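Shown next: data_8.pdb, containing PDB, C-alpha atoms.
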```pdb
ATOM      1  CA  MET A  18     -41.760 -11.900  -6.826
ATOM      2  CA  LYS A  19     -39.539 -12.139  -3.757
ATOM      3  CA  THR A  20     -36.756 -10.319  -5.613
ATOM      4  CA  LEU A  21     -39.103  -7.477  -6.558
ATOM      5  CA  ASN A  22     -40.298  -7.097  -2.960
ATOM      6  CA  LEU A  23     -36.711  -7.100  -1.709
ATOM      7  CA  LEU A  24     -35.726  -4.459  -4.264
ATOM      8  CA  LEU A  25     -38.685  -2.270  -3.282
ATOM      9  CA  ILE A  26     -37.815  -2.539   0.411
ATOM     10  CA  LEU A  27     -34.173  -1.678  -0.284
ATOM     11  CA  PHE A  28     -35.241   1.274  -2.456
ATOM     12  CA  PHE A  29     -37.526   2.721   0.242
ATOM     13  CA  LEU A  30     -34.832   2.259   2.893
ATOM     14  CA  ALA A  31     -32.290   4.002   0.676
ATOM     15  CA  VAL A  32     -34.450   7.080   0.012
ATOM     16  CA  GLN A  33     -35.559   7.705   3.594
ATOM     17  CA  PRO A  34     -34.656  11.199   4.801
ATOM     18  CA  VAL A  35     -31.736  11.199   7.203
ATOM     19  CA  SER A  36     -30.717  14.123   9.349
ATOM     20  CA  ALA A  37     -27.414  14.565  11.139
ATOM     21  CA  GLN A  38     -27.180  15.339  14.812
ATOM     22  CA  GLU A  39     -26.941  18.943  15.881
ATOM     23  CA  ILE A  40     -23.719  19.901  17.628
ATOM     24  CA  LYS A  41     -24.023  22.160  20.635
ATOM     25  CA  LYS A  42     -21.314  24.708  20.064
ATOM     26  CA  ASP A  43     -21.250  25.954  23.656
ATOM     27  CA  SER A  44     -19.666  22.723  24.876
ATOM     28  CA  ILE A  45     -16.410  21.503  23.325
ATOM     29  CA  GLN A  46     -16.537  18.244  25.324
ATOM     30  CA  LYS A  47     -19.146  16.831  22.920
ATOM     31  CA  ILE A  48     -16.991  17.555  19.856
ATOM     32  CA  ASP A  49     -14.164  15.303  18.754
ATOM     33  CA  LYS A  50     -11.036  17.345  19.404
ATOM     34  CA  ASN A  51      -8.803  15.287  17.110
ATOM     35  CA  ILE A  52      -8.925  15.342  13.309
ATOM     36  CA  ALA A  53      -6.700  13.085  11.197
ATOM     37  CA  LYS A  54      -6.507  13.319   7.409
ATOM     38  CA  PHE A  55      -4.617  11.198   4.903
ATOM     39  CA  ASN A  56      -4.145  11.692   1.160
ATOM     40  CA  LEU A  57      -2.826   8.625  -0.629
ATOM     41  CA  ILE A  58      -3.959   9.702  -4.098
ATOM     42  CA  GLY A  59      -1.450  11.521  -6.261
ATOM     43  CA  PHE A  60       2.306  11.578  -6.461
ATOM     44  CA  SER A  61       2.970  12.165  -2.772
ATOM     45  CA  ILE A  62       1.627  10.737   0.482
ATOM     46  CA  ASN A  63       0.265  13.348   2.894
ATOM     47  CA  GLY A  64      -0.890  13.014   6.488
ATOM     48  CA  GLN A  65      -2.228  15.669   8.831
ATOM     49  CA  TYR A  66      -3.250  15.731  12.487
ATOM     50  CA  GLU A  67      -5.229  18.622  13.974
ATOM     51  CA  ARG A  68      -6.013  19.161  17.657
ATOM     52  CA  ILE A  69      -8.829  21.580  18.493
ATOM     53  CA  LEU A  70      -7.941  23.780  21.462
ATOM     54  CA  SER A  71     -10.990  26.076  21.520
ATOM     55  CA  LYS A  72     -13.830  27.170  19.251
ATOM     56  CA  ARG A  73     -11.551  29.454  17.225
ATOM     57  CA  VAL A  74      -8.042  27.986  17.681
ATOM     58  CA  SER A  75      -6.416  24.675  16.790
ATOM     59  CA  ILE A  76      -2.928  23.355  16.102
ATOM     60  CA  ALA A  77      -2.026  21.093  13.198
ATOM     61  CA  LEU A  78       0.964  19.035  12.141
ATOM     62  CA  SER A  79       1.373  17.832   8.541
ATOM     63  CA  TYR A  80       3.861  15.407   7.031
ATOM     64  CA  LYS A  81       4.430  14.823   3.310
ATOM     65  CA  ILE A  82       6.646  12.351   1.534
ATOM     66  CA  LEU A  83       7.302  12.027  -2.183
ATOM     67  CA  PRO A  84       8.792   8.597  -2.891
ATOM     68  CA  ASN A  85      11.896   8.298  -5.054
ATOM     69  CA  GLY A  86      10.942   8.603  -8.715
ATOM     70  CA  LYS A  87      11.676  10.328 -12.010
ATOM     71  CA  PHE A  88      11.492  14.107 -12.225
ATOM     72  CA  LEU A  89       7.922  14.790 -13.417
ATOM     73  CA  PHE A  90       8.347  17.924 -15.541
ATOM     74  CA  ARG A  91      11.534  16.948 -17.357
ATOM     75  CA  GLY A  92       9.868  17.273 -20.774
ATOM     76  CA  LEU A  93       8.955  20.923 -20.151
ATOM     77  CA  ILE A  94      12.574  22.072 -19.783
ATOM     78  CA  PRO A  95      13.844  23.252 -23.184
ATOM     79  CA  THR A  96      17.341  22.034 -24.020
ATOM     80  CA  THR A  97      19.161  21.062 -27.201
ATOM     81  CA  ASP A  98      22.155  19.540 -25.441
ATOM     82  CA  PRO A  99      21.859  15.716 -25.617
ATOM     83  CA  GLN A 100      23.929  15.258 -22.449
ATOM     84  CA  ALA A 101      21.627  17.627 -20.502
ATOM     85  CA  ARG A 102      18.551  15.843 -21.888
ATOM     86  CA  GLU A 103      19.970  12.470 -20.796
ATOM     87  CA  SER A 104      20.726  13.846 -17.330
ATOM     88  CA  LEU A 105      17.141  15.145 -17.026
ATOM     89  CA  ASN A 106      15.729  11.794 -18.158
ATOM     90  CA  ASN A 107      17.836   9.923 -15.569
ATOM     91  CA  LEU A 108      17.199  12.367 -12.700
ATOM     92  CA  MET A 109      15.521  10.740  -9.680
ATOM     93  CA  VAL A 110      14.005  12.951  -6.954
ATOM     94  CA  SER A 111      12.347  12.459  -3.578
ATOM     95  CA  ASN A 112      11.037  14.889  -0.997
ATOM     96  CA  SER A 113       9.765  15.000   2.560
ATOM     97  CA  ALA A 114       8.359  17.905   4.567
ATOM     98  CA  ILE A 115       6.932  18.556   8.012
ATOM     99  CA  THR A 116       4.668  21.549   8.710
ATOM    100  CA  PRO A 117       3.463  22.703  12.133
ATOM    101  CA  GLU A 118       0.798  25.432  12.138
ATOM    102  CA  VAL A 119      -1.646  27.291  14.369
ATOM    103  CA  ARG A 120      -5.107  27.758  12.860
ATOM    104  CA  PHE A 121      -7.430  30.655  13.682
ATOM    105  CA  TYR A 122     -10.981  29.944  12.470
ATOM    106  CA  LEU A 123     -12.877  33.028  11.328
ATOM    107  CA  GLY A 124     -16.335  31.630  10.503
ATOM    108  CA  LYS A 125     -19.366  31.105  12.691
ATOM    109  CA  LYS A 126     -18.962  27.330  12.882
ATOM    110  CA  GLY A 127     -15.487  27.135  14.432
ATOM    111  CA  PHE A 128     -14.345  23.894  16.075
ATOM    112  CA  GLY A 129     -12.235  22.831  13.085
ATOM    113  CA  GLN A 130     -14.764  23.816  10.415
ATOM    114  CA  GLY A 131     -14.827  26.670   7.937
ATOM    115  CA  PHE A 132     -12.349  29.324   6.791
ATOM    116  CA  TYR A 133      -9.139  29.807   8.778
ATOM    117  CA  LEU A 134      -5.867  31.735   8.759
ATOM    118  CA  ALA A 135      -2.736  29.833   9.734
ATOM    119  CA  PRO A 136       0.844  30.961  10.203
ATOM    120  CA  PHE A 137       3.100  27.976   9.582
ATOM    121  CA  PHE A 138       6.710  26.837   9.272
ATOM    122  CA  ARG A 139       7.715  24.156   6.765
ATOM    123  CA  SER A 140      10.911  22.164   6.991
ATOM    124  CA  ALA A 141      11.560  20.232   3.788
ATOM    125  CA  LEU A 142      14.313  17.999   2.470
ATOM    126  CA  MET A 143      14.728  17.249  -1.221
ATOM    127  CA  PHE A 144      16.993  14.513  -2.514
ATOM    128  CA  SER A 145      18.095  13.997  -6.080
ATOM    129  CA  THR A 146      20.271  11.360  -7.687
ATOM    130  CA  GLU A 147      21.301  10.679 -11.222
TER     131      GLU A 147
END
```

Structure rendered as C-alpha cells:
Amino acid sequence: MKTLNLLLILFFLAVQPVSAQEIKKDSIQKIDKNIAKFNLIGFSINGQYERILSKRVSIALSYKILPNGKFLFRGLIPTTDPQARESLNNLMVSNSAITPEVRFYLGKKGFGQGFYLAPFFRSALMFSTE
C-alpha cells in the first residue's frame, strides 16, 4: 500500500504544469550573455562559445577537432588498382578548425535565439598519414 501511495504522489508531482520564467527583453542585464555548446557525439568533437553583445548582435568562436583515424569514405572511391586500394585502406586523417563569426539575429526574440545571419572565417588544418 505504501508503494502505491508513493507511486501516486510521484505521478501527480511529475504531471504538474510547469511554466518557465518570462524574460524581459528590454534589459540585457537579466539575460545570460554567455552561451557555451559542446558536441561530443559523432566523429568529431565540437565546442562553441557565444557572447551576446546586444539584442541583435553577438560574436561566436567555434573549435572542431577530428581525432586521427581511418578515412571514412574510402569504400566509395572507385578504383581497380590494388596498390591504390591498399593506400586508401591505410590512410589516416585528422582535422582541426577554428571559426570566429559575428551573428546578426533577425527574429523578434533576439538575445541569442532564433534565425541569424553570420559572416565567418574558418581556418582549418588537415593532416594525413599512410

Ground truth for the PyMOL selection byres ((chain A and resi 128-139) around 7), written as a VMD selection string
chain A and resid 69 71 to 73 114 to 124 126 to 127 140 to 141

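Nearest to Leu78 of chain A of all the residues A:Ser113, A:Thr96, A:Ser104, A:Gln65 is A:Gln65, based on all atoms listed in the file.
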
Evaluate the PyMOL selection byres ((chain A and resi 60) around 12) and record the selected residues as a VMD selection string, following the chain and residue labels used in the document.
chain A and resid 56 to 59 61 to 63 81 to 89 110 to 112

Could you please take those selected residues and save C-alpha atoms as a compact mmCIF listing (two decimals), in the frame of the given file?
```txt
# COMPACT_ATOMS: atom_id res chain seq x y z
CA ASN A 56 -4.14 11.69 1.16
CA LEU A 57 -2.83 8.62 -0.63
CA ILE A 58 -3.96 9.70 -4.10
CA GLY A 59 -1.45 11.52 -6.26
CA SER A 61 2.97 12.16 -2.77
CA ILE A 62 1.63 10.74 0.48
CA ASN A 63 0.26 13.35 2.89
CA LYS A 81 4.43 14.82 3.31
CA ILE A 82 6.65 12.35 1.53
CA LEU A 83 7.30 12.03 -2.18
CA PRO A 84 8.79 8.60 -2.89
CA ASN A 85 11.90 8.30 -5.05
CA GLY A 86 10.94 8.60 -8.72
CA LYS A 87 11.68 10.33 -12.01
CA PHE A 88 11.49 14.11 -12.22
CA LEU A 89 7.92 14.79 -13.42
CA VAL A 110 14.00 12.95 -6.95
CA SER A 111 12.35 12.46 -3.58
CA ASN A 112 11.04 14.89 -1.00
```

Would you compute the distance between atom CA of Gly64 of chain A and atom CA of Asp49 of chain A? Give it in Å to one decimal.
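It comes out at 18.2 Å.
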
Residues within 8 Å of Ile52 of chain A, please, as a list of chain:residue names. Count only C-alpha atoms; anything in the same chain fewer than 6 positions from it doesn't count.
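Those residues are A:Tyr66, A:Glu67, A:Arg68.
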
Which distance in Å separates atom CA of Leu93 of chain A and atom CA of Leu142 of chain A, to one decimal?
23.4 Å

Mind giving me the straight-line distance from atom CA of Arg91 of chain A to atom CA of Leu108 of chain A in Å, one decimal?
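Interatomic distance, atom CA of Arg91 of chain A to atom CA of Leu108 of chain A: 8.6 Å.
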
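Ranking A:Ser75, A:Ala53, A:Asn106, A:Phe144 by their shortest atom-to-atom distance to Ile94 of chain A, with only C-alpha atoms included, puts A:Asn106 first.
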
From the coordinates I just gave you, please extract segment 45-113 of chain A so that only C-alpha atoms remain, then output it as an mmCIF file, in the first residue's frame.
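Contents of selection.cif, freshly written:
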```cif
data_model
loop_
_atom_site.group_PDB
_atom_site.id
_atom_site.type_symbol
_atom_site.label_atom_id
_atom_site.label_comp_id
_atom_site.auth_asym_id
_atom_site.auth_seq_id
_atom_site.Cartn_x
_atom_site.Cartn_y
_atom_site.Cartn_z
ATOM 1 C CA ILE A 45 20.029 42.602 -21.244
ATOM 2 C CA GLN A 46 21.417 42.511 -17.681
ATOM 3 C CA LYS A 47 18.887 39.813 -16.729
ATOM 4 C CA ILE A 48 19.904 37.566 -19.639
ATOM 5 C CA ASP A 49 22.942 35.322 -19.540
ATOM 6 C CA LYS A 50 25.330 36.873 -22.044
ATOM 7 C CA ASN A 51 27.476 33.757 -22.444
ATOM 8 C CA ILE A 52 26.434 30.603 -24.297
ATOM 9 C CA ALA A 53 28.679 27.530 -24.450
ATOM 10 C CA LYS A 54 27.873 24.475 -26.561
ATOM 11 C CA PHE A 55 29.674 21.157 -26.880
ATOM 12 C CA ASN A 56 29.053 18.271 -29.280
ATOM 13 C CA LEU A 57 30.798 15.060 -28.289
ATOM 14 C CA ILE A 58 28.586 12.773 -30.376
ATOM 15 C CA GLY A 59 29.799 11.865 -33.839
ATOM 16 C CA PHE A 60 33.182 11.604 -35.461
ATOM 17 C CA SER A 61 34.494 14.994 -34.376
ATOM 18 C CA ILE A 62 34.491 16.991 -31.144
ATOM 19 C CA ASN A 63 32.999 20.479 -31.460
ATOM 20 C CA GLY A 64 32.907 23.350 -28.987
ATOM 21 C CA GLN A 65 31.406 26.803 -29.381
ATOM 22 C CA TYR A 66 31.326 29.936 -27.239
ATOM 23 C CA GLU A 67 28.958 32.822 -27.982
ATOM 24 C CA ARG A 68 28.953 36.229 -26.292
ATOM 25 C CA ILE A 69 25.807 38.339 -26.656
ATOM 26 C CA LEU A 70 26.644 41.996 -27.266
ATOM 27 C CA SER A 71 23.137 43.394 -27.822
ATOM 28 C CA LYS A 72 19.640 42.181 -28.664
ATOM 29 C CA ARG A 73 20.528 41.648 -32.330
ATOM 30 C CA VAL A 74 24.322 41.116 -32.348
ATOM 31 C CA SER A 75 26.642 38.514 -30.847
ATOM 32 C CA ILE A 76 30.094 37.102 -31.531
ATOM 33 C CA ALA A 77 30.937 33.408 -31.546
ATOM 34 C CA LEU A 78 34.076 31.302 -31.640
ATOM 35 C CA SER A 79 33.964 27.616 -32.626
ATOM 36 C CA TYR A 80 36.649 24.948 -32.457
ATOM 37 C CA LYS A 81 36.461 21.491 -34.046
ATOM 38 C CA ILE A 82 38.846 18.584 -33.864
ATOM 39 C CA LEU A 83 38.657 15.268 -35.688
ATOM 40 C CA PRO A 84 40.934 12.761 -33.952
ATOM 41 C CA ASN A 85 43.359 10.681 -36.000
ATOM 42 C CA GLY A 86 41.507 7.808 -37.651
ATOM 43 C CA LYS A 87 40.848 5.958 -40.894
ATOM 44 C CA PHE A 88 39.439 7.839 -43.868
ATOM 45 C CA LEU A 89 35.660 7.329 -43.575
ATOM 46 C CA PHE A 90 34.555 7.239 -47.220
ATOM 47 C CA ARG A 91 37.353 5.079 -48.604
ATOM 48 C CA GLY A 92 34.899 2.445 -49.871
ATOM 49 C CA LEU A 93 33.064 4.983 -52.047
ATOM 50 C CA ILE A 94 36.115 5.796 -54.188
ATOM 51 C CA PRO A 95 36.093 3.542 -57.269
ATOM 52 C CA THR A 96 39.488 2.063 -58.108
ATOM 53 C CA THR A 97 40.700 -1.194 -59.625
ATOM 54 C CA ASP A 98 44.351 -0.645 -58.760
ATOM 55 C CA PRO A 99 45.238 -2.862 -55.754
ATOM 56 C CA GLN A 100 48.045 -0.524 -54.664
ATOM 57 C CA ALA A 101 45.653 2.474 -54.649
ATOM 58 C CA ARG A 102 43.056 0.445 -52.725
ATOM 59 C CA GLU A 103 45.681 -0.521 -50.126
ATOM 60 C CA SER A 104 46.776 3.108 -49.800
ATOM 61 C CA LEU A 105 43.148 4.189 -49.249
ATOM 62 C CA ASN A 106 42.633 1.464 -46.639
ATOM 63 C CA ASN A 107 45.778 2.548 -44.747
ATOM 64 C CA LEU A 108 45.114 6.304 -44.995
ATOM 65 C CA MET A 109 44.809 8.008 -41.591
ATOM 66 C CA VAL A 110 43.378 11.547 -41.381
ATOM 67 C CA SER A 111 42.821 14.166 -38.694
ATOM 68 C CA ASN A 112 41.473 17.695 -38.808
ATOM 69 C CA SER A 113 41.125 20.781 -36.653
#
```
